[in-house]
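To be precise, the following lines are input.txt, and they hold compact mmCIF, N, CA, C and O atoms.
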```txt
# COMPACT_ATOMS: atom_id res chain seq x y z
N LEU A 1 6.09 -20.42 10.02
CA LEU A 1 7.18 -20.10 10.93
C LEU A 1 6.78 -20.51 12.34
O LEU A 1 6.00 -19.85 13.00
N ALA A 2 7.34 -21.61 12.77
CA ALA A 2 6.95 -22.16 14.06
C ALA A 2 7.77 -21.60 15.22
O ALA A 2 7.28 -21.49 16.34
N GLN A 3 9.02 -21.26 14.96
CA GLN A 3 9.89 -20.78 16.05
C GLN A 3 9.52 -19.35 16.42
O GLN A 3 9.38 -18.49 15.55
N ARG A 4 9.39 -19.10 17.69
CA ARG A 4 8.97 -17.79 18.18
C ARG A 4 9.87 -16.65 17.69
O ARG A 4 9.36 -15.64 17.19
N PRO A 5 11.21 -16.75 17.79
CA PRO A 5 12.05 -15.64 17.32
C PRO A 5 11.89 -15.38 15.82
O PRO A 5 11.88 -14.23 15.38
N ASP A 6 11.75 -16.47 15.03
CA ASP A 6 11.55 -16.30 13.58
C ASP A 6 10.23 -15.61 13.29
O ASP A 6 10.14 -14.74 12.43
N ARG A 7 9.20 -16.01 14.01
CA ARG A 7 7.87 -15.42 13.82
C ARG A 7 7.87 -13.94 14.22
O ARG A 7 7.30 -13.10 13.52
N ASP A 8 8.53 -13.62 15.32
CA ASP A 8 8.61 -12.22 15.75
C ASP A 8 9.35 -11.37 14.73
O ASP A 8 8.94 -10.25 14.43
N ALA A 9 10.44 -11.91 14.17
CA ALA A 9 11.19 -11.18 13.15
C ALA A 9 10.35 -10.99 11.89
O ALA A 9 10.36 -9.92 11.27
N ALA A 10 9.59 -12.01 11.52
CA ALA A 10 8.73 -11.91 10.34
C ALA A 10 7.63 -10.88 10.54
O ALA A 10 7.31 -10.11 9.64
N LEU A 11 7.05 -10.85 11.73
CA LEU A 11 6.02 -9.84 12.03
C LEU A 11 6.60 -8.43 12.00
O LEU A 11 5.94 -7.50 11.50
N ALA A 12 7.81 -8.28 12.50
CA ALA A 12 8.46 -6.96 12.45
C ALA A 12 8.72 -6.55 11.01
O ALA A 12 8.50 -5.40 10.63
N ALA A 13 9.17 -7.50 10.18
CA ALA A 13 9.40 -7.20 8.77
C ALA A 13 8.10 -6.84 8.07
O ALA A 13 8.07 -5.93 7.23
N LEU A 14 7.02 -7.53 8.42
CA LEU A 14 5.71 -7.22 7.84
C LEU A 14 5.28 -5.81 8.21
O LEU A 14 4.77 -5.06 7.36
N GLN A 15 5.52 -5.40 9.44
CA GLN A 15 5.18 -4.03 9.87
C GLN A 15 5.98 -2.99 9.08
O GLN A 15 5.45 -1.95 8.69
N VAL A 16 7.25 -3.29 8.83
CA VAL A 16 8.08 -2.38 8.03
C VAL A 16 7.50 -2.26 6.63
O VAL A 16 7.39 -1.15 6.08
N GLU A 17 7.10 -3.38 6.05
CA GLU A 17 6.54 -3.34 4.69
C GLU A 17 5.22 -2.58 4.65
O GLU A 17 4.96 -1.85 3.69
N PHE A 18 4.40 -2.73 5.69
CA PHE A 18 3.16 -1.94 5.75
C PHE A 18 3.48 -0.45 5.82
O PHE A 18 2.82 0.37 5.17
N SER A 19 4.50 -0.08 6.57
CA SER A 19 4.90 1.32 6.66
C SER A 19 5.40 1.83 5.31
O SER A 19 5.08 2.97 4.91
N LEU A 20 6.17 1.01 4.61
CA LEU A 20 6.66 1.41 3.29
C LEU A 20 5.50 1.54 2.30
O LEU A 20 5.48 2.45 1.47
N ALA A 21 4.53 0.65 2.39
CA ALA A 21 3.35 0.73 1.51
C ALA A 21 2.57 2.01 1.81
O ALA A 21 2.13 2.71 0.89
N ARG A 22 2.39 2.32 3.08
CA ARG A 22 1.67 3.54 3.46
C ARG A 22 2.38 4.78 2.94
O ARG A 22 1.76 5.69 2.40
N ALA A 23 3.70 4.79 3.05
CA ALA A 23 4.48 5.93 2.54
C ALA A 23 4.35 6.03 1.03
O ALA A 23 4.24 7.14 0.48
N ALA A 24 4.34 4.90 0.34
CA ALA A 24 4.18 4.92 -1.12
C ALA A 24 2.81 5.46 -1.50
O ALA A 24 2.69 6.22 -2.47
N ILE A 25 1.80 5.10 -0.75
CA ILE A 25 0.45 5.63 -1.02
C ILE A 25 0.43 7.14 -0.82
O ILE A 25 -0.12 7.87 -1.65
N GLU A 26 1.04 7.61 0.26
CA GLU A 26 1.07 9.05 0.52
C GLU A 26 1.80 9.81 -0.58
O GLU A 26 1.44 10.93 -0.92
N ARG A 27 2.86 9.18 -1.15
CA ARG A 27 3.63 9.82 -2.23
C ARG A 27 3.01 9.56 -3.61
O ARG A 27 3.51 10.06 -4.60
N ARG A 28 1.95 8.75 -3.63
CA ARG A 28 1.33 8.31 -4.89
C ARG A 28 2.36 7.63 -5.80
O ARG A 28 2.42 7.86 -6.99
N ASP A 29 3.17 6.78 -5.16
CA ASP A 29 4.24 6.06 -5.83
C ASP A 29 3.75 4.64 -6.14
O ASP A 29 3.84 3.74 -5.31
N ALA A 30 3.23 4.44 -7.35
CA ALA A 30 2.65 3.15 -7.73
C ALA A 30 3.70 2.04 -7.74
O ALA A 30 3.42 0.92 -7.31
N THR A 31 4.90 2.35 -8.19
CA THR A 31 5.95 1.33 -8.23
C THR A 31 6.34 0.91 -6.82
O THR A 31 6.46 -0.29 -6.54
N GLY A 32 6.53 1.87 -5.95
CA GLY A 32 6.88 1.56 -4.57
C GLY A 32 5.79 0.75 -3.88
O GLY A 32 6.08 -0.20 -3.14
N LEU A 33 4.54 1.08 -4.15
CA LEU A 33 3.43 0.34 -3.56
C LEU A 33 3.38 -1.08 -4.10
O LEU A 33 3.16 -2.02 -3.35
N ARG A 34 3.62 -1.22 -5.39
CA ARG A 34 3.61 -2.56 -6.00
C ARG A 34 4.70 -3.45 -5.37
O ARG A 34 4.45 -4.60 -5.02
N HIS A 35 5.89 -2.88 -5.19
CA HIS A 35 6.98 -3.64 -4.59
C HIS A 35 6.69 -3.99 -3.13
O HIS A 35 6.91 -5.14 -2.70
N ALA A 36 6.19 -3.02 -2.36
CA ALA A 36 5.86 -3.28 -0.95
C ALA A 36 4.74 -4.31 -0.85
O ALA A 36 4.79 -5.20 0.01
N SER A 37 3.76 -4.23 -1.73
CA SER A 37 2.65 -5.19 -1.71
C SER A 37 3.15 -6.60 -2.00
O SER A 37 2.69 -7.57 -1.38
N ALA A 38 4.08 -6.73 -2.93
CA ALA A 38 4.63 -8.05 -3.24
C ALA A 38 5.37 -8.62 -2.03
O ALA A 38 5.25 -9.82 -1.72
N ARG A 39 6.11 -7.76 -1.34
CA ARG A 39 6.82 -8.24 -0.15
C ARG A 39 5.85 -8.57 0.98
O ARG A 39 6.02 -9.56 1.70
N ILE A 40 4.78 -7.78 1.12
CA ILE A 40 3.75 -8.07 2.12
C ILE A 40 3.13 -9.43 1.82
O ILE A 40 2.94 -10.25 2.72
N ASP A 41 2.82 -9.67 0.56
CA ASP A 41 2.24 -10.95 0.17
C ASP A 41 3.17 -12.11 0.53
O ASP A 41 2.73 -13.14 1.05
N GLY A 42 4.45 -11.93 0.29
CA GLY A 42 5.42 -12.97 0.64
C GLY A 42 5.44 -13.25 2.13
O GLY A 42 5.47 -14.42 2.56
N TRP A 43 5.43 -12.19 2.93
CA TRP A 43 5.44 -12.39 4.39
C TRP A 43 4.13 -13.02 4.86
O TRP A 43 4.13 -13.86 5.76
N LEU A 44 3.01 -12.63 4.27
CA LEU A 44 1.73 -13.24 4.64
C LEU A 44 1.75 -14.75 4.35
O LEU A 44 1.27 -15.55 5.16
N GLN A 45 2.31 -15.12 3.21
CA GLN A 45 2.37 -16.54 2.86
C GLN A 45 3.25 -17.32 3.85
O GLN A 45 2.93 -18.45 4.20
N ARG A 46 4.33 -16.69 4.30
CA ARG A 46 5.20 -17.38 5.28
C ARG A 46 4.52 -17.46 6.65
O ARG A 46 4.57 -18.49 7.30
N LEU A 47 3.93 -16.34 7.07
CA LEU A 47 3.34 -16.30 8.40
C LEU A 47 2.05 -17.10 8.52
O LEU A 47 1.76 -17.66 9.57
N LEU A 48 1.26 -17.13 7.45
CA LEU A 48 -0.06 -17.77 7.52
C LEU A 48 -0.14 -19.04 6.69
O LEU A 48 -1.23 -19.47 6.31
N ALA A 49 0.99 -19.66 6.40
CA ALA A 49 1.01 -20.89 5.60
C ALA A 49 0.06 -21.92 6.22
O ALA A 49 0.12 -22.19 7.42
N GLY A 50 -0.83 -22.43 5.41
CA GLY A 50 -1.78 -23.44 5.88
C GLY A 50 -2.99 -22.88 6.60
O GLY A 50 -3.89 -23.62 6.97
N SER A 51 -3.05 -21.57 6.78
CA SER A 51 -4.17 -20.95 7.48
C SER A 51 -5.36 -20.81 6.52
O SER A 51 -5.19 -20.43 5.37
N PRO A 52 -6.57 -21.08 7.00
CA PRO A 52 -7.74 -20.91 6.13
C PRO A 52 -8.00 -19.44 5.78
O PRO A 52 -8.68 -19.15 4.80
N GLY A 53 -7.44 -18.51 6.54
CA GLY A 53 -7.65 -17.08 6.27
C GLY A 53 -6.69 -16.49 5.26
O GLY A 53 -6.87 -15.36 4.82
N LEU A 54 -5.66 -17.25 4.88
CA LEU A 54 -4.65 -16.73 3.95
C LEU A 54 -5.23 -16.31 2.60
O LEU A 54 -4.96 -15.20 2.14
N PRO A 55 -6.05 -17.13 1.95
CA PRO A 55 -6.59 -16.70 0.65
C PRO A 55 -7.38 -15.40 0.72
O PRO A 55 -7.28 -14.55 -0.17
N GLN A 56 -8.14 -15.22 1.79
CA GLN A 56 -8.92 -13.99 1.94
C GLN A 56 -8.00 -12.78 2.10
O GLN A 56 -8.23 -11.74 1.50
N LYS A 57 -6.95 -12.92 2.89
CA LYS A 57 -6.02 -11.80 3.10
C LYS A 57 -5.28 -11.48 1.81
O LYS A 57 -5.06 -10.31 1.49
N ARG A 58 -4.90 -12.48 1.06
CA ARG A 58 -4.21 -12.25 -0.21
C ARG A 58 -5.16 -11.59 -1.22
O ARG A 58 -4.74 -10.71 -1.98
N ARG A 59 -6.42 -11.99 -1.22
CA ARG A 59 -7.41 -11.40 -2.12
C ARG A 59 -7.63 -9.92 -1.76
O ARG A 59 -7.67 -9.05 -2.63
N LEU A 60 -7.72 -9.62 -0.47
CA LEU A 60 -7.88 -8.24 -0.02
C LEU A 60 -6.68 -7.40 -0.42
O LEU A 60 -6.83 -6.27 -0.91
N LEU A 61 -5.48 -7.94 -0.25
CA LEU A 61 -4.27 -7.23 -0.65
C LEU A 61 -4.29 -6.93 -2.16
O LEU A 61 -3.96 -5.83 -2.58
N ALA A 62 -4.71 -7.91 -2.96
CA ALA A 62 -4.78 -7.71 -4.41
C ALA A 62 -5.81 -6.64 -4.76
O ALA A 62 -5.58 -5.82 -5.66
N GLU A 63 -6.94 -6.63 -4.07
CA GLU A 63 -7.97 -5.61 -4.31
C GLU A 63 -7.45 -4.22 -3.97
O GLU A 63 -7.68 -3.26 -4.71
N LEU A 64 -6.75 -4.11 -2.86
CA LEU A 64 -6.19 -2.81 -2.45
C LEU A 64 -5.14 -2.34 -3.44
O LEU A 64 -5.07 -1.15 -3.78
N GLN A 65 -4.33 -3.27 -3.91
CA GLN A 65 -3.28 -2.92 -4.87
C GLN A 65 -3.87 -2.45 -6.20
O GLN A 65 -3.27 -1.63 -6.89
N ALA A 66 -5.04 -2.93 -6.55
CA ALA A 66 -5.67 -2.57 -7.83
C ALA A 66 -6.32 -1.19 -7.81
O ALA A 66 -6.63 -0.64 -8.86
N LEU A 67 -6.50 -0.62 -6.62
CA LEU A 67 -7.12 0.70 -6.54
C LEU A 67 -6.19 1.78 -7.09
O LEU A 67 -4.97 1.71 -6.88
N PRO A 68 -6.74 2.78 -7.75
CA PRO A 68 -5.88 3.86 -8.28
C PRO A 68 -5.35 4.74 -7.15
O PRO A 68 -6.04 4.97 -6.15
N LEU A 69 -4.13 5.21 -7.32
CA LEU A 69 -3.54 6.10 -6.33
C LEU A 69 -3.93 7.55 -6.55
O LEU A 69 -3.79 8.36 -5.66
N ARG A 70 -4.37 7.86 -7.72
CA ARG A 70 -4.75 9.24 -8.05
C ARG A 70 -6.26 9.33 -8.14
O ARG A 70 -6.91 8.49 -8.73
N MET A 71 -6.79 10.38 -7.53
CA MET A 71 -8.22 10.62 -7.62
C MET A 71 -8.59 11.11 -9.00
O MET A 71 -7.93 11.97 -9.56
N GLU A 72 -9.63 10.54 -9.53
CA GLU A 72 -10.17 11.02 -10.79
C GLU A 72 -11.39 11.88 -10.45
O GLU A 72 -12.45 11.37 -10.14
N SER A 73 -11.18 13.16 -10.46
CA SER A 73 -12.25 14.08 -10.09
C SER A 73 -12.29 15.23 -11.08
O SER A 73 -11.24 15.77 -11.44
N PRO A 74 -13.47 15.60 -11.51
CA PRO A 74 -13.55 16.75 -12.43
C PRO A 74 -13.11 18.05 -11.76
O PRO A 74 -12.78 19.01 -12.44
N LEU A 75 -13.07 18.06 -10.44
CA LEU A 75 -12.67 19.27 -9.72
C LEU A 75 -11.18 19.32 -9.43
O LEU A 75 -10.67 20.36 -9.00
N ALA A 76 -10.48 18.22 -9.65
CA ALA A 76 -9.05 18.18 -9.35
C ALA A 76 -8.31 19.22 -10.17
O ALA A 76 -8.45 19.29 -11.39
N GLY A 77 -7.55 20.05 -9.52
CA GLY A 77 -6.76 21.07 -10.19
C GLY A 77 -7.49 22.38 -10.43
O GLY A 77 -6.89 23.34 -10.89
N THR A 78 -8.77 22.46 -10.09
CA THR A 78 -9.50 23.69 -10.37
C THR A 78 -9.02 24.84 -9.50
O THR A 78 -9.02 25.98 -9.96
N THR A 79 -8.61 24.56 -8.27
CA THR A 79 -8.12 25.64 -7.40
C THR A 79 -6.86 26.25 -7.99
O THR A 79 -6.72 27.48 -8.01
N LEU A 80 -5.97 25.43 -8.49
CA LEU A 80 -4.75 25.94 -9.11
C LEU A 80 -5.11 26.78 -10.34
O LEU A 80 -4.53 27.86 -10.56
N GLN A 81 -6.05 26.32 -11.12
CA GLN A 81 -6.47 27.08 -12.30
C GLN A 81 -7.07 28.42 -11.88
O GLN A 81 -6.81 29.45 -12.52
N GLN A 82 -7.85 28.43 -10.81
CA GLN A 82 -8.44 29.67 -10.33
C GLN A 82 -7.37 30.64 -9.85
O GLN A 82 -7.44 31.84 -10.12
N LEU A 83 -6.37 30.13 -9.13
CA LEU A 83 -5.29 30.99 -8.66
C LEU A 83 -4.51 31.57 -9.84
O LEU A 83 -4.15 32.76 -9.82
N ARG A 84 -4.25 30.76 -10.82
CA ARG A 84 -3.54 31.26 -12.00
C ARG A 84 -4.37 32.32 -12.73
O ARG A 84 -3.83 33.31 -13.21
N ALA A 85 -5.68 32.12 -12.78
CA ALA A 85 -6.56 33.10 -13.43
C ALA A 85 -6.53 34.42 -12.66
O ALA A 85 -6.51 35.50 -13.26
N LEU A 86 -6.51 34.34 -11.34
CA LEU A 86 -6.47 35.57 -10.52
C LEU A 86 -5.15 36.31 -10.72
O LEU A 86 -5.12 37.54 -10.76
N ARG A 87 -4.05 35.58 -10.82
CA ARG A 87 -2.74 36.20 -11.02
C ARG A 87 -2.65 36.85 -12.39
O ARG A 87 -1.96 37.86 -12.56
N GLY A 88 -3.37 36.29 -13.35
CA GLY A 88 -3.33 36.83 -14.70
C GLY A 88 -4.12 38.11 -14.87
O GLY A 88 -3.95 38.82 -15.85
N ARG A 89 -4.95 38.44 -13.93
CA ARG A 89 -5.78 39.65 -14.04
C ARG A 89 -5.00 40.89 -13.81
O ARG A 89 -4.11 41.07 -13.13
```
Translate this structure into structure tokens?
Amino acid sequence: LAQRPDRDAALAALQVEFSLARAAIERRDATGLRHASARIDGWLQRLLAGSPGLPQKRRLLAELQALPLRMESPLAGTTLQQLRALRGR
């Protein structure tokens, strides 16, 4: 995107997509994150076409997208179980 107004609009759209991705992460919404990530990738390709840094940014985005949204912890949910046990007494 060579024209300044087009580039500014694309950067604004990219910021919106980052905000949507962040909200999806907070909601643990894997589908929403996947869709936002795909749109982010599209904007990166338009904004950084021909840039030597584009492959690295796309690889980083793919790595982030592959991370689980839910923590796998043996302690997850134990507080709720403890509260339920206390109420049952």
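In this model, the gap between CA of Thr79 (chain A) and CA of Arg22 (chain A) comes to 26.5 Å.
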Using only N, CA, C and O atoms, which residues sit within 6 Å of Glu17 (chain A) once same-chain residues fewer than 5 positions away are excluded, as a PyMOL selection string? chain A and resi 12+22+36+40
May I ask for the distance between atom N of Arg4 (chain A) and atom C of Gly53 (chain A), given in Å to one decimal place? 20.5 Å
Please extract the residues of chain A with a backbone DSSP assignment of alpha helix (DSSP H) and present them as JSON, numbers by chain. {"A": [4, 5, 6, 7, 8, 9, 10, 11, 12, 13, 14, 15, 16, 17, 18, 19, 20, 21, 22, 23, 24, 25, 26, 27, 30, 31, 32, 33, 34, 35, 36, 37, 38, 39, 40, 41, 42, 43, 44, 45, 46, 47, 54, 55, 56, 57, 58, 59, 60, 61, 62, 63, 64, 65, 66, 78, 79, 80, 81, 82, 83, 84, 85, 86, 87, 88]}
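Atom O of Asp6 (chain A) lies 27.0 Å from atom N of Ala66 (chain A).
Of the residues listed (A:Leu69, A:Leu11, A:Arg59, A:Leu83), A:Leu69 shows the shortest atom-to-atom separation from Gly32 (chain A); distances use only C-alpha atoms.
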Exercise: Lys57 (chain A) partners within 8 Å, only N, CA, C and O atoms, chain neighbours under 6 positions left out, as a PDB file with N, CA, C and O atoms, keeping the file's coordinate frame:
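Result saved to around.pdb:
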```pdb
ATOM      1  N   ASP A  41       2.820  -9.670   0.560  1.00  0.00           N
ATOM      2  CA  ASP A  41       2.240 -10.950   0.170  1.00  0.00           C
ATOM      3  C   ASP A  41       3.170 -12.110   0.530  1.00  0.00           C
ATOM      4  O   ASP A  41       2.730 -13.140   1.050  1.00  0.00           O
ATOM      5  N   LEU A  44       3.010 -12.630   4.270  1.00  0.00           N
ATOM      6  CA  LEU A  44       1.730 -13.240   4.640  1.00  0.00           C
ATOM      7  C   LEU A  44       1.750 -14.750   4.350  1.00  0.00           C
ATOM      8  O   LEU A  44       1.270 -15.550   5.160  1.00  0.00           O
ATOM      9  N   GLU A  63      -6.940  -6.630  -4.070  1.00  0.00           N
ATOM     10  CA  GLU A  63      -7.970  -5.610  -4.310  1.00  0.00           C
ATOM     11  C   GLU A  63      -7.450  -4.220  -3.970  1.00  0.00           C
ATOM     12  O   GLU A  63      -7.680  -3.260  -4.710  1.00  0.00           O
ATOM     13  N   LEU A  64      -6.750  -4.110  -2.860  1.00  0.00           N
ATOM     14  CA  LEU A  64      -6.190  -2.810  -2.450  1.00  0.00           C
ATOM     15  C   LEU A  64      -5.140  -2.340  -3.440  1.00  0.00           C
ATOM     16  O   LEU A  64      -5.070  -1.150  -3.780  1.00  0.00           O
TER      17      LEU A  64
END
```
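Distances here use only N, CA, C and O atoms; by that measure, the residue among A:Gln82, A:Gln56, A:Gln65, A:Gln15 closest to Ala30 (chain A) is A:Gln65.
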Export region 2-89 of chain A from the structure block above, keeping C-alpha atoms, as a PDB file, in the first residue's frame.
```pdb
ATOM      1  CA  ALA A   2       1.876   2.986  -1.295  1.00  0.00           C
ATOM      2  CA  GLN A   3      -0.743   5.710  -0.893  1.00  0.00           C
ATOM      3  CA  ARG A   4      -0.651   7.377   2.506  1.00  0.00           C
ATOM      4  CA  PRO A   5      -4.463   7.404   3.105  1.00  0.00           C
ATOM      5  CA  ASP A   6      -4.718   3.716   2.127  1.00  0.00           C
ATOM      6  CA  ARG A   7      -1.830   2.813   4.415  1.00  0.00           C
ATOM      7  CA  ASP A   8      -3.325   4.774   7.318  1.00  0.00           C
ATOM      8  CA  ALA A   9      -6.674   3.029   6.843  1.00  0.00           C
ATOM      9  CA  ALA A  10      -4.954  -0.368   6.715  1.00  0.00           C
ATOM     10  CA  LEU A  11      -3.033   0.369   9.919  1.00  0.00           C
ATOM     11  CA  ALA A  12      -6.264   1.411  11.632  1.00  0.00           C
ATOM     12  CA  ALA A  13      -7.933  -1.814  10.474  1.00  0.00           C
ATOM     13  CA  LEU A  14      -4.957  -3.804  11.769  1.00  0.00           C
ATOM     14  CA  GLN A  15      -5.319  -2.127  15.180  1.00  0.00           C
ATOM     15  CA  VAL A  16      -9.004  -3.070  15.254  1.00  0.00           C
ATOM     16  CA  GLU A  17      -8.124  -6.683  14.471  1.00  0.00           C
ATOM     17  CA  PHE A  18      -5.512  -6.732  17.235  1.00  0.00           C
ATOM     18  CA  SER A  19      -8.163  -5.447  19.647  1.00  0.00           C
ATOM     19  CA  LEU A  20     -10.594  -8.143  18.511  1.00  0.00           C
ATOM     20  CA  ALA A  21      -7.895 -10.801  18.925  1.00  0.00           C
ATOM     21  CA  ARG A  22      -7.109  -9.534  22.435  1.00  0.00           C
ATOM     22  CA  ALA A  23     -10.802  -9.648  23.350  1.00  0.00           C
ATOM     23  CA  ALA A  24     -11.066 -13.197  21.985  1.00  0.00           C
ATOM     24  CA  ILE A  25      -8.092 -14.239  24.118  1.00  0.00           C
ATOM     25  CA  GLU A  26      -9.679 -12.698  27.212  1.00  0.00           C
ATOM     26  CA  ARG A  27     -12.934 -14.581  26.473  1.00  0.00           C
ATOM     27  CA  ARG A  28     -10.989 -17.756  25.603  1.00  0.00           C
ATOM     28  CA  ASP A  29     -12.812 -17.704  22.267  1.00  0.00           C
ATOM     29  CA  ALA A  30     -10.698 -19.902  19.972  1.00  0.00           C
ATOM     30  CA  THR A  31     -12.926 -19.334  16.944  1.00  0.00           C
ATOM     31  CA  GLY A  32     -12.877 -15.570  17.349  1.00  0.00           C
ATOM     32  CA  LEU A  33      -9.105 -15.603  17.765  1.00  0.00           C
ATOM     33  CA  ARG A  34      -8.669 -17.776  14.684  1.00  0.00           C
ATOM     34  CA  HIS A  35     -10.776 -15.392  12.593  1.00  0.00           C
ATOM     35  CA  ALA A  36      -9.022 -12.270  13.926  1.00  0.00           C
ATOM     36  CA  SER A  37      -5.618 -13.889  13.340  1.00  0.00           C
ATOM     37  CA  ALA A  38      -6.532 -14.667   9.733  1.00  0.00           C
ATOM     38  CA  ARG A  39      -7.555 -11.054   9.179  1.00  0.00           C
ATOM     39  CA  ILE A  40      -4.370  -9.816  10.889  1.00  0.00           C
ATOM     40  CA  ASP A  41      -2.344 -12.040   8.573  1.00  0.00           C
ATOM     41  CA  GLY A  42      -4.134 -10.574   5.565  1.00  0.00           C
ATOM     42  CA  TRP A  43      -3.428  -7.007   6.665  1.00  0.00           C
ATOM     43  CA  LEU A  44       0.217  -7.847   7.388  1.00  0.00           C
ATOM     44  CA  GLN A  45       0.593  -9.244   3.872  1.00  0.00           C
ATOM     45  CA  ARG A  46      -0.886  -6.072   2.375  1.00  0.00           C
ATOM     46  CA  LEU A  47       1.083  -3.684   4.570  1.00  0.00           C
ATOM     47  CA  LEU A  48       4.424  -5.493   4.438  1.00  0.00           C
ATOM     48  CA  ALA A  49       4.321  -6.907   0.896  1.00  0.00           C
ATOM     49  CA  GLY A  50       7.890  -7.390  -0.276  1.00  0.00           C
ATOM     50  CA  SER A  51       9.330  -6.659   3.166  1.00  0.00           C
ATOM     51  CA  PRO A  52      12.071  -9.010   4.407  1.00  0.00           C
ATOM     52  CA  GLY A  53      10.414  -8.973   7.858  1.00  0.00           C
ATOM     53  CA  LEU A  54       7.059 -10.304   6.641  1.00  0.00           C
ATOM     54  CA  PRO A  55       7.876 -14.036   6.919  1.00  0.00           C
ATOM     55  CA  GLN A  56       9.093 -13.585  10.493  1.00  0.00           C
ATOM     56  CA  LYS A  57       5.952 -11.684  11.514  1.00  0.00           C
ATOM     57  CA  ARG A  58       3.714 -14.288   9.882  1.00  0.00           C
ATOM     58  CA  ARG A  59       5.640 -17.090  11.623  1.00  0.00           C
ATOM     59  CA  LEU A  60       5.259 -15.334  14.992  1.00  0.00           C
ATOM     60  CA  LEU A  61       1.529 -14.885  14.387  1.00  0.00           C
ATOM     61  CA  ALA A  62       1.208 -18.608  13.568  1.00  0.00           C
ATOM     62  CA  GLU A  63       3.117 -19.538  16.748  1.00  0.00           C
ATOM     63  CA  LEU A  64       0.872 -17.319  18.870  1.00  0.00           C
ATOM     64  CA  GLN A  65      -2.238 -18.749  17.248  1.00  0.00           C
ATOM     65  CA  ALA A  66      -1.074 -22.299  18.048  1.00  0.00           C
ATOM     66  CA  LEU A  67      -0.857 -21.608  21.789  1.00  0.00           C
ATOM     67  CA  PRO A  68      -3.716 -23.000  23.891  1.00  0.00           C
ATOM     68  CA  LEU A  69      -6.200 -20.510  25.295  1.00  0.00           C
ATOM     69  CA  ARG A  70      -6.915 -22.612  28.350  1.00  0.00           C
ATOM     70  CA  MET A  71      -4.369 -23.288  31.037  1.00  0.00           C
ATOM     71  CA  GLU A  72      -3.661 -26.913  31.676  1.00  0.00           C
ATOM     72  CA  SER A  73      -2.962 -26.966  35.378  1.00  0.00           C
ATOM     73  CA  PRO A  74      -3.565 -29.665  37.950  1.00  0.00           C
ATOM     74  CA  LEU A  75      -4.694 -26.905  40.306  1.00  0.00           C
ATOM     75  CA  ALA A  76      -7.283 -25.433  37.946  1.00  0.00           C
ATOM     76  CA  GLY A  77     -10.709 -25.645  39.532  1.00  0.00           C
ATOM     77  CA  THR A  78      -9.482 -26.721  42.960  1.00  0.00           C
ATOM     78  CA  THR A  79     -10.738 -23.536  44.638  1.00  0.00           C
ATOM     79  CA  LEU A  80     -14.236 -24.172  43.325  1.00  0.00           C
ATOM     80  CA  GLN A  81     -14.045 -27.760  44.543  1.00  0.00           C
ATOM     81  CA  GLN A  82     -12.915 -26.558  47.967  1.00  0.00           C
ATOM     82  CA  LEU A  83     -15.781 -24.060  48.174  1.00  0.00           C
ATOM     83  CA  ARG A  84     -18.276 -26.733  47.221  1.00  0.00           C
ATOM     84  CA  ALA A  85     -16.804 -29.057  49.852  1.00  0.00           C
ATOM     85  CA  LEU A  86     -17.171 -26.338  52.505  1.00  0.00           C
ATOM     86  CA  ARG A  87     -20.806 -25.719  51.532  1.00  0.00           C
ATOM     87  CA  GLY A  88     -21.510 -29.429  51.765  1.00  0.00           C
ATOM     88  CA  ARG A  89     -20.401 -29.624  55.392  1.00  0.00           C
TER      89      ARG A  89
END
```
